[in-house]
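*Asks:* Questions regarding the structure given below will be posed in turn.
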Amino acid sequence: MAALDRATEAEEFLSQPGFYQSSVLLPIAAHKRALLYAITTYPVTILIGETGSGKTTQLPQFLHQGGFTSDEKTIACTQPRRVAATTVALRVAEEMGVRIGDEVGYSIRFEDMTGPKTRIKYMTDGMLLREALVDPLLSRYSVIMVDEAHERSLSTDVLLGILKKIRKKRPELRLVISSATLQAEDFMRYFTEGEEDASKVATIVGIEGRAYPVDIQYLQEPCEDYVTRAVETVFDIHLKEGDGDILLFLTGREEIDRVVSLIGEQSSSLHPRSPQILALPLYAGLPSDQQLAVFDPPPENHRKVIVSTNIAEASVTIPGICYVIDSGFVKLRAYNPYTGIESLTAVPISKAAATQRAGRAGRTKPGKCYRLYTSTAFDSLEQQSIPEIQRSNLAPTILQLKALGIDNVARFSFPTPPPAELMVRALELLYALGAVDDYARLTRPVGVRMAELPLDPMLSRTLLASVEDGCWEQMLSIAAMTTVQNVFITHSDSKKAGEQQKRMFSVTEGDHLTLLNVYTAFTTRGKKEAKWARDHMLNFKALSRAVSVRNQLFRYLERHNPGLAEKHCENVTGERIRKCLVKGYFAHAARMQPDGTLRIPGREEELWVHPSSIMFNRKVEWVVFHEVVEGKKLFVRDLSVVEKAWLVEGGGGYWGVKEGR
DNA sequence: GAGCACTGC
């Protein structure tokens with residue numbers, strides 16, 4: 001997604017009128033003294049920096065000039081997304097006239113562009129959390145700016161909690177929390193709760209942005225079907241409004257593809273000499289060449305309509321948008337702690353998201369936003385959507401907190417505490433995996449090493465077991481392949497060819513061994529080449545990512561197993577690998593019923609083998625699976641055949657308890 | 001014979 005990478009915050013500044021004359025003209029410049037004063041005086045500064053204020057690029061430079069980097073100290077600025085961390089760093093290095101990796105650097109997974117001279121460091125918030133494992137007080141940083149904190153991503157929330165704790169032990173540390181207006185007071189309360197004199201701890205500073213006004217239009221009456229209404233609105237704008245491209249927000253691929261073709265069909269009725277419409281889809285699962293198409297200028301006499309998921313809400317900025325059409329819906333992940341089942345459902349957006357979407361129309365000139373719902377419906381929307389930490393599987397988070405030295409996770413100060421059921425469920429699983437003991441303390445070495453691995457705990461456990469079981473070479477490949485998505489290309493036009501190619505690699509014992517075959521074939525016969533991948537209907541980018549992930553995982557294993565590289569696994573059978581899988585995935589064991597559906601012991605839910613699985617339409621007895629996804633039915637993905645005896649042996653107490661219920 | 005919002009280590 002190289003071209004998408006370009007279109008981030010750094011690019012937004014490039015498009016600001018007057019930016020190139022001098023960054024002195026950015027709104028933040030007028031607040032330089034006030035900001036430095038606030039940050040010097042208060043341990044915590046909540047910064048309300050509107051879009052286009054220049055906070056992300058300028059504030060770290062002010063702090064650098066203001067003496068916060070003397071004594072070899074560094075300023076950190078964290079971002080929820082990798083692309084933002086890299087592009088902003090490149091932009092700032094250019095502004096300061098230094099090479100990236102010298103005074104200004106960035107650090108994201110697989111890419112560390114920092115050096116001994118680095119004083120301003122942009123990084124993902126997940127990366128800073130990793131650093132805290134090694135340096136619990138983050139002592140090399142004088143200032144930590146948490147950007148986009150209002151997005152409330154899982155890792156941002158955990159980071160805020162950790163920083164709140166660190167601050168008590170490091171009074172000289174300065175925190176800057178960058179927030180949207182609505183959440184500023186919440187962050188203020190969060191950082192000052194329990195303080196004797198709150199007025200001395202934190203302050204709020206606001207900086208105006210540089211955005212043009214956006215005129216908001218609502219429906220008079222609610223509409224039955226926002227898809228058809230969206231298409232009508234596109235044509236209304238096209239025929240009645242002035243120049244400018246349209247951005248339409250829908251929930252997912254299916255809707256988007258439908259709308260793109262509807263617009264295509266209906267645009268044939270436009271007068272051949274009048275301006276035409278070019279509709280383009282945009283979602284993360286799209287091949288990158290098609291994603292890039294949204295940045296191309298439209299052909300002569302055409303208006304561009306980009307039909308997008310919420311990827312265009314914050315991750316991707318497309319220049320030239322003057323009209324936004326907002327369906328009012330988004331797909332969000334939900335997690336049921338009782339069943340352990342994840343689902344993806346379309347839900348109404350929050351007011352904050354609606355505002356963010358509308359703002360996409362006012363980047364280059366005054367714009368218009370058409371909301372496909374009534375103003376009454378808008379009033380009834382939640383202020384913000386539920387933070388991720390309240391709707392996720394918390395096993396990885398709790399393991400991480402324990403590794404950071406937070407023994408009592410129930411008393412940890414989260415910005416928003418997760419529901420107790422989520423915590424209980426996560427602790428149960430971690431206990432069964434042997435990561436925590438009877439007192440919920442992290443075990444050594446298993447728990448500690450599991451926390452080091454950047455994997456789901458079940459997979460971490462499996463990988464650690466594979467070293468003892470003599471199949472780590474194979475399990476590394478399997479682990480890497482299950483973490484990257486979309487390995488098999490299944491476009492509608494080439495579906496059959498894809499299925500056929502997949503069958504070439506298939507193994508009757510299940511999807512894990514099939515994935516191993518694909519990985520091995522790609523790295524040996526395929527020589528890691530794009531052409532080979534294409535010929536076999538495999539996603540080259542996904543496979544290349546699997547190679548990087550595998551390399552990284554190998555280094556983690558090697559750290560505690562010196563000379564591992566020489567200890568090749570010999571005579572590895574599929575059975576040895578599947579037995580090893582059971583050691584991490586026993587909680588995801590299921591038995592096939594005579595009708596072909598699956599049941600987890602002790603549970604009622606009827607599970608179905610996903611049709612993408614090698615195991616689809618096959619009769620077996622016991623399986624372990626990687627995950628459950630909810631569609632029209634509950635589907636399990638990535639399965640392997642196992643034997644009951646292995647479950648009893650490898651699953652320890654957990655499985656026995658489940659069966660006994 | 002079904003379908004994948006978006007991130008991240």
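Here's how to read the names in the structure tokens: chain A, B, ... by the order shown, residue numbers from 1 in each chain, ligand numbers from 1 in the order shown.
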Could you tell me, as number ranges by chain, which residues of region 52-90 of chain A DSSP assigns to alpha helix (DSSP H) when given the backbone?
*Replies:* A: 55-65, 82-90
*Asks:* Got time to write the residues from that selection, N, CA, C and O atoms, as a compact mmCIF listing (two decimals), in the first residue's frame?
*Replies:*
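Output (out.txt):
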```
# COMPACT_ATOMS: atom_id res chain seq x y z
N LYS A 55 0.15 19.79 15.24
CA LYS A 55 0.65 19.29 16.52
C LYS A 55 1.65 18.15 16.37
O LYS A 55 2.69 18.13 17.02
N THR A 56 1.35 17.20 15.50
CA THR A 56 2.17 15.99 15.41
C THR A 56 3.58 16.29 14.88
O THR A 56 4.55 15.72 15.35
N THR A 57 3.66 17.18 13.90
CA THR A 57 4.98 17.48 13.34
C THR A 57 5.71 18.56 14.13
O THR A 57 6.93 18.51 14.25
N GLN A 58 4.98 19.53 14.66
CA GLN A 58 5.65 20.70 15.24
C GLN A 58 5.99 20.56 16.73
O GLN A 58 7.07 20.96 17.15
N LEU A 59 5.05 20.02 17.51
CA LEU A 59 5.29 20.00 18.95
C LEU A 59 6.59 19.29 19.35
O LEU A 59 7.37 19.84 20.15
N PRO A 60 6.88 18.11 18.79
CA PRO A 60 8.16 17.49 19.15
C PRO A 60 9.36 18.37 18.81
O PRO A 60 10.36 18.37 19.55
N GLN A 61 9.27 19.13 17.72
CA GLN A 61 10.38 20.03 17.37
C GLN A 61 10.51 21.17 18.39
O GLN A 61 11.62 21.54 18.77
N PHE A 62 9.37 21.72 18.81
CA PHE A 62 9.40 22.77 19.85
C PHE A 62 10.09 22.24 21.10
O PHE A 62 10.90 22.92 21.72
N LEU A 63 9.72 21.02 21.47
CA LEU A 63 10.27 20.45 22.70
C LEU A 63 11.77 20.21 22.57
O LEU A 63 12.53 20.41 23.51
N HIS A 64 12.18 19.80 21.38
CA HIS A 64 13.59 19.58 21.09
C HIS A 64 14.35 20.91 21.24
O HIS A 64 15.37 20.98 21.94
N GLN A 65 13.81 21.97 20.62
CA GLN A 65 14.44 23.29 20.73
C GLN A 65 14.37 23.81 22.16
O GLN A 65 15.25 24.54 22.60
N ARG A 82 1.06 2.36 11.79
CA ARG A 82 2.43 2.37 11.29
C ARG A 82 2.69 3.46 10.27
O ARG A 82 3.71 4.15 10.32
N VAL A 83 1.75 3.59 9.33
CA VAL A 83 1.96 4.56 8.24
C VAL A 83 2.13 5.97 8.77
O VAL A 83 2.95 6.75 8.27
N ALA A 84 1.35 6.31 9.81
CA ALA A 84 1.46 7.65 10.37
C ALA A 84 2.85 7.84 10.99
O ALA A 84 3.50 8.87 10.77
N ALA A 85 3.31 6.84 11.73
CA ALA A 85 4.61 6.95 12.39
C ALA A 85 5.74 7.20 11.37
O ALA A 85 6.59 8.07 11.58
N THR A 86 5.72 6.48 10.27
CA THR A 86 6.81 6.63 9.30
C THR A 86 6.71 7.94 8.53
O THR A 86 7.70 8.65 8.42
N THR A 87 5.53 8.26 8.01
CA THR A 87 5.44 9.45 7.15
C THR A 87 5.67 10.73 7.94
O THR A 87 6.31 11.65 7.44
N VAL A 88 5.16 10.78 9.16
CA VAL A 88 5.37 11.98 9.96
C VAL A 88 6.87 12.14 10.27
O VAL A 88 7.42 13.24 10.18
N ALA A 89 7.52 11.02 10.58
CA ALA A 89 8.96 11.08 10.88
C ALA A 89 9.73 11.59 9.65
O ALA A 89 10.62 12.44 9.78
N LEU A 90 9.39 11.07 8.49
CA LEU A 90 10.08 11.50 7.26
C LEU A 90 9.88 12.99 7.02
O LEU A 90 10.80 13.72 6.66
```
*Asks:* Please report as CSV every residue of chain A lying within 6 Å of chain B, along with the nearest atom pair and their distance in Å (one decimal), using only C-alpha atoms (C1' of nucleotides).
*Replies:*
```
residue,atom,partner,partner_atom,distance
A:Gly126,CA,B:DC9,C1',5.8
A:Lys331,CA,B:DA5,C1',4.5
A:Leu332,CA,B:DA5,C1',5.7
A:Pro454,CA,B:DC9,C1',4.9
A:Pro611,CA,B:DA2,C1',5.8
```
*Asks:* Suppose we keep N, CA, C and O atoms; can you now write the selection as a tab-separated table (two decimals), in the first residue's frame?
*Replies:*
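Output below, filename again00.tsv:
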```
chain	number	residue	atom	x	y	z
A	126	GLY	N	2.04	0.34	20.20
A	126	GLY	CA	2.40	-1.04	20.51
A	126	GLY	C	3.90	-1.22	20.69
A	126	GLY	O	4.36	-2.01	21.52
A	331	LYS	N	-18.92	-1.45	10.57
A	331	LYS	CA	-18.80	-2.81	11.12
A	331	LYS	C	-17.81	-2.80	12.26
A	331	LYS	O	-16.70	-2.28	12.13
A	332	LEU	N	-18.22	-3.36	13.38
A	332	LEU	CA	-17.34	-3.42	14.55
A	332	LEU	C	-17.22	-4.84	15.06
A	332	LEU	O	-18.14	-5.65	14.92
A	454	PRO	N	5.15	-11.98	20.00
A	454	PRO	CA	4.06	-11.13	19.49
A	454	PRO	C	2.99	-11.98	18.82
A	454	PRO	O	2.73	-11.85	17.63
A	611	PRO	N	-16.38	-23.17	4.82
A	611	PRO	CA	-16.19	-23.80	3.50
A	611	PRO	C	-14.79	-23.57	2.91
A	611	PRO	O	-14.41	-24.26	1.97
```
*Asks:* Which of these residues is nearest to Pro457 (chain A), using only C-alpha atoms: A:Gly584, A:Gly340, A:Pro418, A:Gly405?
*Replies:*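 Residue with the minimum atom-to-atom distance to Pro457 (chain A): A:Gly584.
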*Asks:* Please identify all polymer residues within 10 Å of Thr41 (chain A), counting only C-alpha atoms (C1' of nucleotides), omitting same-chain residues fewer than 6 positions from it, and present them as a tab-separated table (two decimals) with N, CA, C and O atoms, in the first residue's frame.
*Replies:*
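Result file follows (part_15.tsv):
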```tsv
chain	number	residue	atom	x	y	z
A	35	LEU	N	2.51	26.39	24.98
A	35	LEU	CA	2.67	24.94	25.06
A	35	LEU	C	3.89	24.57	25.89
A	35	LEU	O	3.83	23.70	26.76
A	174	ARG	N	7.29	14.08	31.39
A	174	ARG	CA	6.18	14.91	30.89
A	174	ARG	C	5.35	14.11	29.91
A	174	ARG	O	5.90	13.45	29.02
A	200	LYS	N	-2.46	20.97	39.92
A	200	LYS	CA	-1.01	21.03	39.68
A	200	LYS	C	-0.52	19.89	38.79
A	200	LYS	O	0.64	19.84	38.42
A	201	VAL	N	-1.42	18.95	38.50
A	201	VAL	CA	-0.99	17.76	37.76
A	201	VAL	C	-1.20	17.90	36.26
A	201	VAL	O	-0.34	17.57	35.46
A	202	ALA	N	-2.38	18.39	35.89
A	202	ALA	CA	-2.70	18.36	34.46
A	202	ALA	C	-3.39	19.64	34.01
A	202	ALA	O	-4.02	20.34	34.81
A	203	THR	N	-3.25	19.93	32.74
A	203	THR	CA	-3.89	21.10	32.16
A	203	THR	C	-4.35	20.77	30.75
A	203	THR	O	-3.87	19.81	30.15
```
*Asks:* Between CA of Val324 (chain A) and CA of Leu247 (chain A), measure the distance and give it in Å to one decimal.
*Replies:*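 Separation of CA of Val324 (chain A) and CA of Leu247 (chain A): 4.8 Å.
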*Asks:* Neighbouring residues of Gly252 (chain A) were defined as those with any atom within 10 Å, considering only C-alpha atoms (C1' of nucleotides); residues of the same chain fewer than 6 positions away were excluded. Please report them as a PyMOL selection string.
*Replies:* (chain A and resi 282-285+307-310+329-331+346) or (chain B and resi 4-5)
*Asks:* Find the residues around Arg170 (chain A) up to 12 Å (only C-alpha atoms (C1' of nucleotides) counted), leave out those fewer than 4 positions away in its own chain, and share them as a compact mmCIF listing (two decimals) with N, CA and C atoms, in the first residue's frame.
*Replies:*
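This went into part11.txt:
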```txt
# COMPACT_ATOMS: atom_id res chain seq x y z
N PRO A 43 2.89 18.04 34.76
CA PRO A 43 3.33 16.70 34.33
C PRO A 43 2.51 16.17 33.16
N PRO A 136 11.16 -0.72 32.15
CA PRO A 136 9.82 -0.52 32.73
C PRO A 136 9.47 0.94 33.02
N LEU A 137 10.46 1.80 33.22
CA LEU A 137 10.13 3.19 33.50
C LEU A 137 10.28 4.08 32.26
N LEU A 138 10.58 3.45 31.14
CA LEU A 138 10.78 4.19 29.89
C LEU A 138 11.72 5.37 30.14
N SER A 139 12.83 5.06 30.81
CA SER A 139 13.67 6.13 31.36
C SER A 139 14.42 6.96 30.32
N ARG A 140 14.49 6.47 29.09
CA ARG A 140 15.21 7.26 28.10
C ARG A 140 14.41 8.44 27.56
N TYR A 141 13.11 8.48 27.90
CA TYR A 141 12.25 9.53 27.35
C TYR A 141 11.99 10.63 28.37
N SER A 142 12.13 11.87 27.92
CA SER A 142 11.80 13.00 28.78
C SER A 142 10.34 13.41 28.60
N VAL A 143 9.85 13.27 27.37
CA VAL A 143 8.46 13.59 27.06
C VAL A 143 7.88 12.45 26.23
N LEU A 163 1.52 4.51 31.52
CA LEU A 163 2.14 5.83 31.69
C LEU A 163 1.67 6.50 32.97
N LYS A 164 0.40 6.29 33.29
CA LYS A 164 -0.13 6.86 34.53
C LYS A 164 0.63 6.32 35.74
N LYS A 165 0.97 5.04 35.66
CA LYS A 165 1.72 4.40 36.74
C LYS A 165 3.18 4.87 36.77
N ILE A 166 3.78 4.94 35.58
CA ILE A 166 5.19 5.36 35.49
C ILE A 166 5.36 6.77 36.04
N ARG A 174 7.29 14.08 31.39
CA ARG A 174 6.18 14.91 30.89
C ARG A 174 5.35 14.11 29.91
N LEU A 175 4.03 14.16 30.09
CA LEU A 175 3.12 13.46 29.17
C LEU A 175 2.29 14.48 28.41
```
*Asks:* Please identify all polymer residues within 10 Å of Met504 (chain A), counting only C-alpha atoms (C1' of nucleotides), omitting same-chain residues fewer than 2 positions from it, and present them as a PyMOL selection string.
*Replies:* chain A and resi 499-502+506-507+514+517-518+536
*Asks:* May I have the selected residues written with N, CA, C and O atoms, as an mmCIF file, in the first residue's frame?
*Replies:*
```cif
data_model
loop_
_atom_site.group_PDB
_atom_site.id
_atom_site.type_symbol
_atom_site.label_atom_id
_atom_site.label_comp_id
_atom_site.auth_asym_id
_atom_site.auth_seq_id
_atom_site.Cartn_x
_atom_site.Cartn_y
_atom_site.Cartn_z
ATOM 1 N N GLU A 499 -9.168 -22.423 -6.063
ATOM 2 C CA GLU A 499 -9.520 -23.637 -5.321
ATOM 3 C C GLU A 499 -8.659 -24.811 -5.777
ATOM 4 O O GLU A 499 -8.200 -25.622 -4.970
ATOM 5 N N GLN A 500 -8.441 -24.865 -7.083
ATOM 6 C CA GLN A 500 -7.675 -25.970 -7.645
ATOM 7 C C GLN A 500 -6.220 -25.917 -7.178
ATOM 8 O O GLN A 500 -5.650 -26.920 -6.770
ATOM 9 N N GLN A 501 -5.648 -24.683 -7.210
ATOM 10 C CA GLN A 501 -4.265 -24.517 -6.781
ATOM 11 C C GLN A 501 -4.134 -24.890 -5.310
ATOM 12 O O GLN A 501 -3.171 -25.501 -4.894
ATOM 13 N N LYS A 502 -5.145 -24.489 -4.543
ATOM 14 C CA LYS A 502 -5.091 -24.756 -3.110
ATOM 15 C C LYS A 502 -5.058 -26.254 -2.853
ATOM 16 O O LYS A 502 -4.348 -26.732 -1.975
ATOM 17 N N SER A 506 -2.890 -29.264 -0.405
ATOM 18 C CA SER A 506 -3.718 -29.673 0.715
ATOM 19 C C SER A 506 -3.257 -30.999 1.340
ATOM 20 O O SER A 506 -2.689 -31.855 0.685
ATOM 21 N N VAL A 507 -3.522 -31.089 2.627
ATOM 22 C CA VAL A 507 -3.183 -32.259 3.423
ATOM 23 C C VAL A 507 -4.466 -32.674 4.126
ATOM 24 O O VAL A 507 -5.151 -31.825 4.691
ATOM 25 N N THR A 514 -1.591 -27.816 5.715
ATOM 26 C CA THR A 514 -1.713 -27.260 4.366
ATOM 27 C C THR A 514 -0.969 -25.928 4.277
ATOM 28 O O THR A 514 -0.221 -25.673 3.323
ATOM 29 N N ASN A 517 2.666 -26.513 4.047
ATOM 30 C CA ASN A 517 3.059 -26.893 2.686
ATOM 31 C C ASN A 517 3.198 -25.671 1.786
ATOM 32 O O ASN A 517 4.124 -25.571 0.991
ATOM 33 N N VAL A 518 2.240 -24.753 1.906
ATOM 34 C CA VAL A 518 2.283 -23.547 1.074
ATOM 35 C C VAL A 518 3.541 -22.748 1.402
ATOM 36 O O VAL A 518 4.269 -22.316 0.499
ATOM 37 N N HIS A 536 0.384 -19.622 -8.650
ATOM 38 C CA HIS A 536 -0.305 -20.582 -7.793
ATOM 39 C C HIS A 536 -1.463 -19.966 -7.034
ATOM 40 O O HIS A 536 -1.937 -20.520 -6.050
#
```
*Asks:* What gap, in Å, lies between CA of Ala279 (chain A) and CA of Lys304 (chain A)?
*Replies:* 6.1 Å
